[in-house]
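Asker: This is the content of coords-v3.cif (mmCIF, C-alpha atoms):
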data_target
loop_
_atom_site.group_PDB
_atom_site.id
_atom_site.type_symbol
_atom_site.label_atom_id
_atom_site.label_comp_id
_atom_site.auth_asym_id
_atom_site.auth_seq_id
_atom_site.Cartn_x
_atom_site.Cartn_y
_atom_site.Cartn_z
ATOM 1 C CA MET A 1 80.522 -42.888 7.799
ATOM 2 C CA SER A 2 81.003 -43.824 11.432
ATOM 3 C CA VAL A 3 79.525 -46.496 13.682
ATOM 4 C CA TYR A 4 76.225 -45.730 15.443
ATOM 5 C CA ILE A 5 75.753 -47.195 18.929
ATOM 6 C CA HIS A 6 72.499 -46.455 20.740
ATOM 7 C CA PRO A 7 73.098 -45.096 24.285
ATOM 8 C CA SER A 8 71.339 -48.116 25.857
ATOM 9 C CA ALA A 9 73.607 -50.622 24.069
ATOM 10 C CA ILE A 10 76.675 -52.122 25.743
ATOM 11 C CA VAL A 11 79.707 -52.717 23.548
ATOM 12 C CA ASP A 12 82.539 -54.207 25.577
ATOM 13 C CA GLU A 13 86.075 -52.984 25.032
ATOM 14 C CA GLY A 14 87.805 -55.301 22.573
ATOM 15 C CA ALA A 15 84.803 -55.804 20.296
ATOM 16 C CA THR A 16 85.433 -54.850 16.665
ATOM 17 C CA ILE A 17 82.696 -53.023 14.757
ATOM 18 C CA GLY A 18 83.064 -52.056 11.110
ATOM 19 C CA VAL A 19 82.380 -48.665 9.579
ATOM 20 C CA GLY A 20 78.736 -47.890 8.842
ATOM 21 C CA SER A 21 77.332 -50.465 11.274
ATOM 22 C CA LYS A 22 74.453 -49.621 13.606
ATOM 23 C CA ILE A 23 73.896 -51.109 17.062
ATOM 24 C CA TRP A 24 70.399 -50.548 18.453
ATOM 25 C CA HIS A 25 68.618 -50.487 21.850
ATOM 26 C CA PHE A 26 69.552 -52.825 24.724
ATOM 27 C CA THR A 27 72.076 -54.822 22.702
ATOM 28 C CA HIS A 28 75.182 -56.356 24.307
ATOM 29 C CA ILE A 29 78.320 -57.122 22.314
ATOM 30 C CA MET A 30 81.090 -59.062 24.081
ATOM 31 C CA PRO A 31 84.804 -58.165 23.841
ATOM 32 C CA GLY A 32 85.902 -60.775 21.278
ATOM 33 C CA ALA A 33 83.047 -60.241 18.812
ATOM 34 C CA ILE A 34 83.863 -59.098 15.282
ATOM 35 C CA ILE A 35 81.162 -57.241 13.334
ATOM 36 C CA GLY A 36 81.811 -56.205 9.732
ATOM 37 C CA GLU A 37 80.954 -53.020 7.889
ATOM 38 C CA ASN A 38 77.400 -51.795 7.233
ATOM 39 C CA CYS A 39 75.754 -54.280 9.605
ATOM 40 C CA ASN A 40 72.464 -53.546 11.336
ATOM 41 C CA ILE A 41 72.183 -55.098 14.800
ATOM 42 C CA GLY A 42 68.608 -54.825 16.097
ATOM 43 C CA GLN A 43 67.139 -54.283 19.536
ATOM 44 C CA ASN A 44 67.834 -56.692 22.416
ATOM 45 C CA VAL A 45 70.557 -58.655 20.609
ATOM 46 C CA PHE A 46 73.400 -60.515 22.341
ATOM 47 C CA ILE A 47 76.638 -61.237 20.475
ATOM 48 C CA ALA A 48 79.127 -63.456 22.328
ATOM 49 C CA ASN A 49 82.916 -63.621 22.293
ATOM 50 C CA ASN A 50 84.495 -64.980 19.105
ATOM 51 C CA VAL A 51 81.343 -64.529 17.009
ATOM 52 C CA VAL A 52 82.157 -63.254 13.527
ATOM 53 C CA LEU A 53 79.652 -61.335 11.385
ATOM 54 C CA GLY A 54 80.676 -60.362 7.853
ATOM 55 C CA ASN A 55 79.768 -57.161 6.036
ATOM 56 C CA GLY A 56 76.141 -56.209 5.461
ATOM 57 C CA VAL A 57 74.691 -58.646 8.019
ATOM 58 C CA LYS A 58 71.226 -57.797 9.347
ATOM 59 C CA VAL A 59 70.323 -59.135 12.792
ATOM 60 C CA GLN A 60 66.695 -58.535 13.727
ATOM 61 C CA ASN A 61 65.380 -58.007 17.284
ATOM 62 C CA ASN A 62 65.777 -60.540 20.116
ATOM 63 C CA VAL A 63 68.540 -62.697 18.628
ATOM 64 C CA SER A 64 71.335 -64.245 20.710
ATOM 65 C CA ILE A 65 74.426 -65.237 18.740
ATOM 66 C CA TYR A 66 76.562 -67.583 20.809
ATOM 67 C CA GLU A 67 80.255 -68.425 20.601
ATOM 68 C CA GLY A 68 80.980 -70.676 17.650
ATOM 69 C CA VAL A 69 78.724 -68.869 15.151
ATOM 70 C CA ILE A 70 80.232 -67.388 11.996
ATOM 71 C CA CYS A 71 78.065 -65.483 9.514
ATOM 72 C CA GLU A 72 79.489 -64.483 6.163
ATOM 73 C CA ASP A 73 78.537 -61.312 4.248
ATOM 74 C CA ASP A 74 74.904 -60.297 3.632
ATOM 75 C CA VAL A 75 73.309 -62.814 6.011
ATOM 76 C CA PHE A 76 69.806 -62.065 7.327
ATOM 77 C CA LEU A 77 68.924 -63.344 10.827
ATOM 78 C CA GLY A 78 65.170 -63.013 11.439
ATOM 79 C CA PRO A 79 63.482 -61.837 14.641
ATOM 80 C CA SER A 80 63.858 -64.110 17.679
ATOM 81 C CA MET A 81 65.723 -66.843 15.804
ATOM 82 C CA VAL A 82 67.912 -69.037 18.035
ATOM 83 C CA PHE A 83 71.427 -70.453 17.806
ATOM 84 C CA THR A 84 72.800 -73.205 20.045
ATOM 85 C CA ASN A 85 76.433 -74.145 20.639
ATOM 86 C CA VAL A 86 76.326 -77.391 22.671
ATOM 87 C CA LEU A 87 74.493 -80.576 21.657
ATOM 88 C CA ASN A 88 73.764 -81.878 25.154
ATOM 89 C CA PRO A 89 73.702 -78.954 27.609
ATOM 90 C CA ARG A 90 73.372 -79.424 31.357
ATOM 91 C CA ALA A 91 73.352 -76.601 33.887
ATOM 92 C CA PHE A 92 75.688 -78.547 36.182
ATOM 93 C CA VAL A 93 78.187 -79.766 33.524
ATOM 94 C CA GLU A 94 80.786 -77.389 32.067
ATOM 95 C CA ARG A 95 80.941 -77.968 28.276
ATOM 96 C CA LYS A 96 82.617 -74.818 26.921
ATOM 97 C CA HIS A 97 85.323 -77.003 25.355
ATOM 98 C CA GLU A 98 82.587 -78.853 23.395
ATOM 99 C CA TYR A 99 81.153 -75.901 21.458
ATOM 100 C CA LYS A 100 80.183 -76.930 17.922
ATOM 101 C CA PRO A 101 80.689 -74.281 15.225
ATOM 102 C CA THR A 102 77.798 -73.120 13.061
ATOM 103 C CA PHE A 103 78.430 -71.467 9.712
ATOM 104 C CA ILE A 104 75.915 -69.282 7.896
ATOM 105 C CA LYS A 105 77.247 -68.747 4.400
ATOM 106 C CA LYS A 106 77.040 -65.622 2.220
ATOM 107 C CA GLY A 107 73.571 -64.246 1.519
ATOM 108 C CA ALA A 108 71.622 -66.868 3.505
ATOM 109 C CA THR A 109 68.293 -65.924 5.119
ATOM 110 C CA ILE A 110 67.153 -67.380 8.442
ATOM 111 C CA GLY A 111 63.461 -66.687 9.117
ATOM 112 C CA ALA A 112 61.791 -65.523 12.314
ATOM 113 C CA ASN A 113 61.775 -67.967 15.258
ATOM 114 C CA VAL A 114 64.058 -70.501 13.534
ATOM 115 C CA THR A 115 66.185 -72.694 15.813
ATOM 116 C CA ILE A 116 69.557 -73.837 14.475
ATOM 117 C CA VAL A 117 71.136 -76.821 16.224
ATOM 118 C CA CYS A 118 74.893 -76.247 16.396
ATOM 119 C CA GLY A 119 77.437 -77.947 14.174
ATOM 120 C CA ASN A 120 75.640 -77.264 10.890
ATOM 121 C CA ILE A 121 76.335 -75.229 7.765
ATOM 122 C CA ILE A 122 73.655 -73.147 6.072
ATOM 123 C CA GLY A 123 74.733 -72.833 2.415
ATOM 124 C CA GLU A 124 75.091 -69.709 0.304
ATOM 125 C CA TYR A 125 71.793 -67.940 -0.406
ATOM 126 C CA ALA A 126 69.771 -70.686 1.293
ATOM 127 C CA MET A 127 66.446 -69.660 2.795
ATOM 128 C CA VAL A 128 65.096 -71.206 6.004
ATOM 129 C CA GLY A 129 61.375 -70.609 6.587
ATOM 130 C CA ALA A 130 60.008 -69.056 9.777
ATOM 131 C CA GLY A 131 59.532 -71.334 12.771
ATOM 132 C CA SER A 132 61.759 -74.116 11.423
ATOM 133 C CA VAL A 133 64.208 -76.281 13.361
ATOM 134 C CA VAL A 134 67.507 -76.925 11.560
ATOM 135 C CA THR A 135 69.020 -80.263 12.606
ATOM 136 C CA LYS A 136 71.334 -80.845 9.615
ATOM 137 C CA SER A 137 73.311 -78.797 7.111
ATOM 138 C CA ILE A 138 71.449 -77.071 4.269
ATOM 139 C CA LEU A 139 72.615 -76.872 0.669
ATOM 140 C CA PRO A 140 73.274 -73.566 -1.130
ATOM 141 C CA TYR A 141 70.152 -72.012 -2.732
ATOM 142 C CA SER A 142 67.895 -74.453 -0.852
ATOM 143 C CA LEU A 143 64.444 -73.374 0.306
ATOM 144 C CA CYS A 144 63.664 -75.422 3.377
ATOM 145 C CA TYR A 145 61.297 -75.272 6.303
ATOM 146 C CA GLY A 146 59.567 -77.427 8.904
ATOM 147 C CA ILE A 147 60.363 -79.305 12.100
ATOM 148 C CA PRO A 148 62.868 -80.648 11.322
ATOM 149 C CA THR A 149 63.653 -78.724 8.154
ATOM 150 C CA LYS A 150 63.156 -80.426 4.814
ATOM 151 C CA HIS A 151 64.187 -79.235 1.377
ATOM 152 C CA TYR A 152 61.185 -78.133 -0.691
ATOM 153 C CA SER A 153 62.569 -76.108 -3.573
ATOM 154 C CA TRP A 154 65.424 -73.914 -4.795
ATOM 155 C CA VAL A 155 65.769 -70.124 -4.649
ATOM 156 C CA ASN A 156 67.989 -67.659 -6.489
ATOM 157 C CA LYS A 157 70.160 -64.895 -5.026
ATOM 158 C CA PHE A 158 67.239 -62.491 -5.399
ATOM 159 C CA GLY A 159 65.168 -64.730 -3.079
ATOM 160 C CA ASN A 160 62.664 -66.014 -5.618
ATOM 161 C CA GLN A 161 61.882 -69.646 -6.333
ATOM 162 C CA LEU A 162 63.745 -71.290 -9.209
ATOM 163 C CA HIS A 163 61.727 -73.386 -11.651
ATOM 164 C CA PHE A 164 63.258 -76.462 -13.249
ATOM 165 C CA ILE A 165 60.615 -77.925 -15.563
ATOM 166 C CA GLY A 166 60.764 -81.527 -16.771
ATOM 167 C CA THR A 167 64.280 -82.394 -17.894
ATOM 168 C CA ASP A 168 65.341 -78.754 -18.095
ATOM 169 C CA THR A 169 68.225 -78.232 -15.662
ATOM 170 C CA ILE A 170 68.603 -74.489 -16.295
ATOM 171 C CA SER A 171 66.550 -71.738 -14.661
ATOM 172 C CA THR A 172 66.819 -67.983 -15.198
ATOM 173 C CA CYS A 173 66.179 -65.290 -12.596
ATOM 174 C CA PRO A 174 63.699 -62.836 -14.167
ATOM 175 C CA ASN A 175 65.026 -60.003 -11.982
ATOM 176 C CA THR A 176 68.757 -60.312 -12.659
ATOM 177 C CA GLY A 177 69.112 -62.592 -15.696
ATOM 178 C CA GLU A 178 71.372 -64.932 -13.727
ATOM 179 C CA LEU A 179 71.418 -68.555 -14.870
ATOM 180 C CA TYR A 180 71.225 -71.422 -12.383
ATOM 181 C CA GLN A 181 71.803 -75.091 -13.092
ATOM 182 C CA LEU A 182 70.614 -78.167 -11.241
ATOM 183 C CA ILE A 183 73.678 -80.445 -10.986
ATOM 184 C CA ASP A 184 74.134 -83.602 -8.887
ATOM 185 C CA GLY A 185 71.311 -82.764 -6.474
ATOM 186 C CA GLY A 186 72.326 -79.150 -5.932
ATOM 187 C CA VAL A 187 72.098 -75.756 -7.628
ATOM 188 C CA VAL A 188 74.968 -73.618 -8.884
ATOM 189 C CA LEU A 189 75.077 -70.163 -10.426
ATOM 190 C CA ILE A 190 76.540 -70.597 -13.932
ATOM 191 C CA GLY A 191 76.410 -67.086 -15.399
ATOM 192 C CA GLN A 192 74.335 -64.241 -16.704
ATOM 193 C CA PHE A 193 71.791 -64.332 -19.533
#
Would you put the structure from the file into structure tokens?

Answerer:
Amino acid sequence: MSVYIHPSAIVDEGATIGVGSKIWHFTHIMPGAIIGENCNIGQNVFIANNVVLGNGVKVQNNVSIYEGVICEDDVFLGPSMVFTNVLNPRAFVERKHEYKPTFIKKGATIGANVTIVCGNIIGEYAMVGAGSVVTKSILPYSLCYGIPTKHYSWVNKFGNQLHFIGTDTISTCPNTGELYQLIDGGVVLIGQF
């Protein structure tokens, strides 16, 4: 399976694109970008130098991914979501040496129109609701949303809400049988039922 690049897309020489990935209309990928296998890069996307996307990443339409962003495998970036890479930008001050890295960990979902302030980590399989503004790091399996984002619940790898009732610290995913445990203010996957 080869790479598909729409004729209107621009992929600069030096960019790396993995087997099975698709690059759609009016997208621009800079020379130092690394895109894994089986990624789907939507329409009107910009991917800067030194951005790294793992395998199976889905980038929806109208997303700009700036230098300093690293997405692990199976990340979902919703339509028109926004990354930043400088905390205090000014048009007349050069701050390229001040870029703050942003890490989106394996399986995380970023909803439509989310803004992520640079320098944060979005944990494994976390889910950020549409329209949110992320101003601090988010724990794995956290369901959060709002301006700024707040933690509201926990989700499993399948994307469904986990239910911890009373003193019960174990929750089972009805779709996969995976067991999750609430430990020290966070959730971990502990096995299969």

Asker: Once the PyMOL selection byres ((chain A and resi 120) around 8) is applied to the coordinates I shared, what remains selected? I want it as a compact mmCIF listing (two decimals) with C-alpha atoms, keeping the file's coordinate frame.

Answerer:
# COMPACT_ATOMS: atom_id res chain seq x y z
CA PRO A 101 80.69 -74.28 15.22
CA THR A 102 77.80 -73.12 13.06
CA PHE A 103 78.43 -71.47 9.71
CA ILE A 116 69.56 -73.84 14.48
CA VAL A 117 71.14 -76.82 16.22
CA CYS A 118 74.89 -76.25 16.40
CA GLY A 119 77.44 -77.95 14.17
CA ILE A 121 76.33 -75.23 7.76
CA ILE A 122 73.66 -73.15 6.07
CA THR A 135 69.02 -80.26 12.61
CA LYS A 136 71.33 -80.84 9.62
CA SER A 137 73.31 -78.80 7.11
CA ILE A 138 71.45 -77.07 4.27

Asker: Can you give me, as a ChimeraX atom specification, the residues this file yields under the PyMOL selection byres ((chain A and resi 108) around 12)?

Answerer: /A:54,56-58,71-78,103-107,109-111,121-129,138-144,155-159

Asker: At a cut-off of 9 Å, using all atoms listed in the file, what residues contact A:His163? Leave out same-chain residues fewer than 5 positions from it and give the result as a ChimeraX atom specification.

Answerer: /A:153-155,170-172

Asker: One number please: atom CA of A:Lys150 to atom CA of A:Gly131, in Å, one decimal.

Answerer: 12.6 Å

Asker: Show me, as a VMD selection string, the residues that have an atom within 9 Å of stretch 24-37 of chain A when counting all atoms listed in the file, minus same-chain residues fewer than 6 positions from it.

Answerer: chain A and resid 3 to 18 43 to 57 62 67 73

Asker: What does the distance from atom CA of A:His151 to atom CA of A:Ala130 come to in Å, to one decimal?

Answerer: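 Interatomic distance, atom CA of A:His151 to atom CA of A:Ala130: 13.8 Å.
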
Asker: Let me make sure I understand: among A:Ala91, A:Ser132, A:Gly191, A:Ile183, which one has the smallest atom-to-atom distance to A:Thr167 if we use all atoms listed in the file?

Answerer: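 Closest residue, counting all atoms listed in the file: A:Ile183.
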
Asker: Quick one: distance from atom CA of A:Ile65 to atom CA of A:Val82 in Å, one decimal?

Answerer: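 Calculated distance between atom CA of A:Ile65 and atom CA of A:Val82 is 7.6 Å.
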
Asker: Could you put an axis-aligned box around every listed atom of stretch 99-104 of chain A, padded by 8 Å on each side, and send me its centre and edge lengths in Å to one decimal, as AutoDock Vina command-line options?

Answerer:
--center_x 78.5 --center_y -73.1 --center_z 14.7 --size_x 21.2 --size_y 23.6 --size_z 29.6
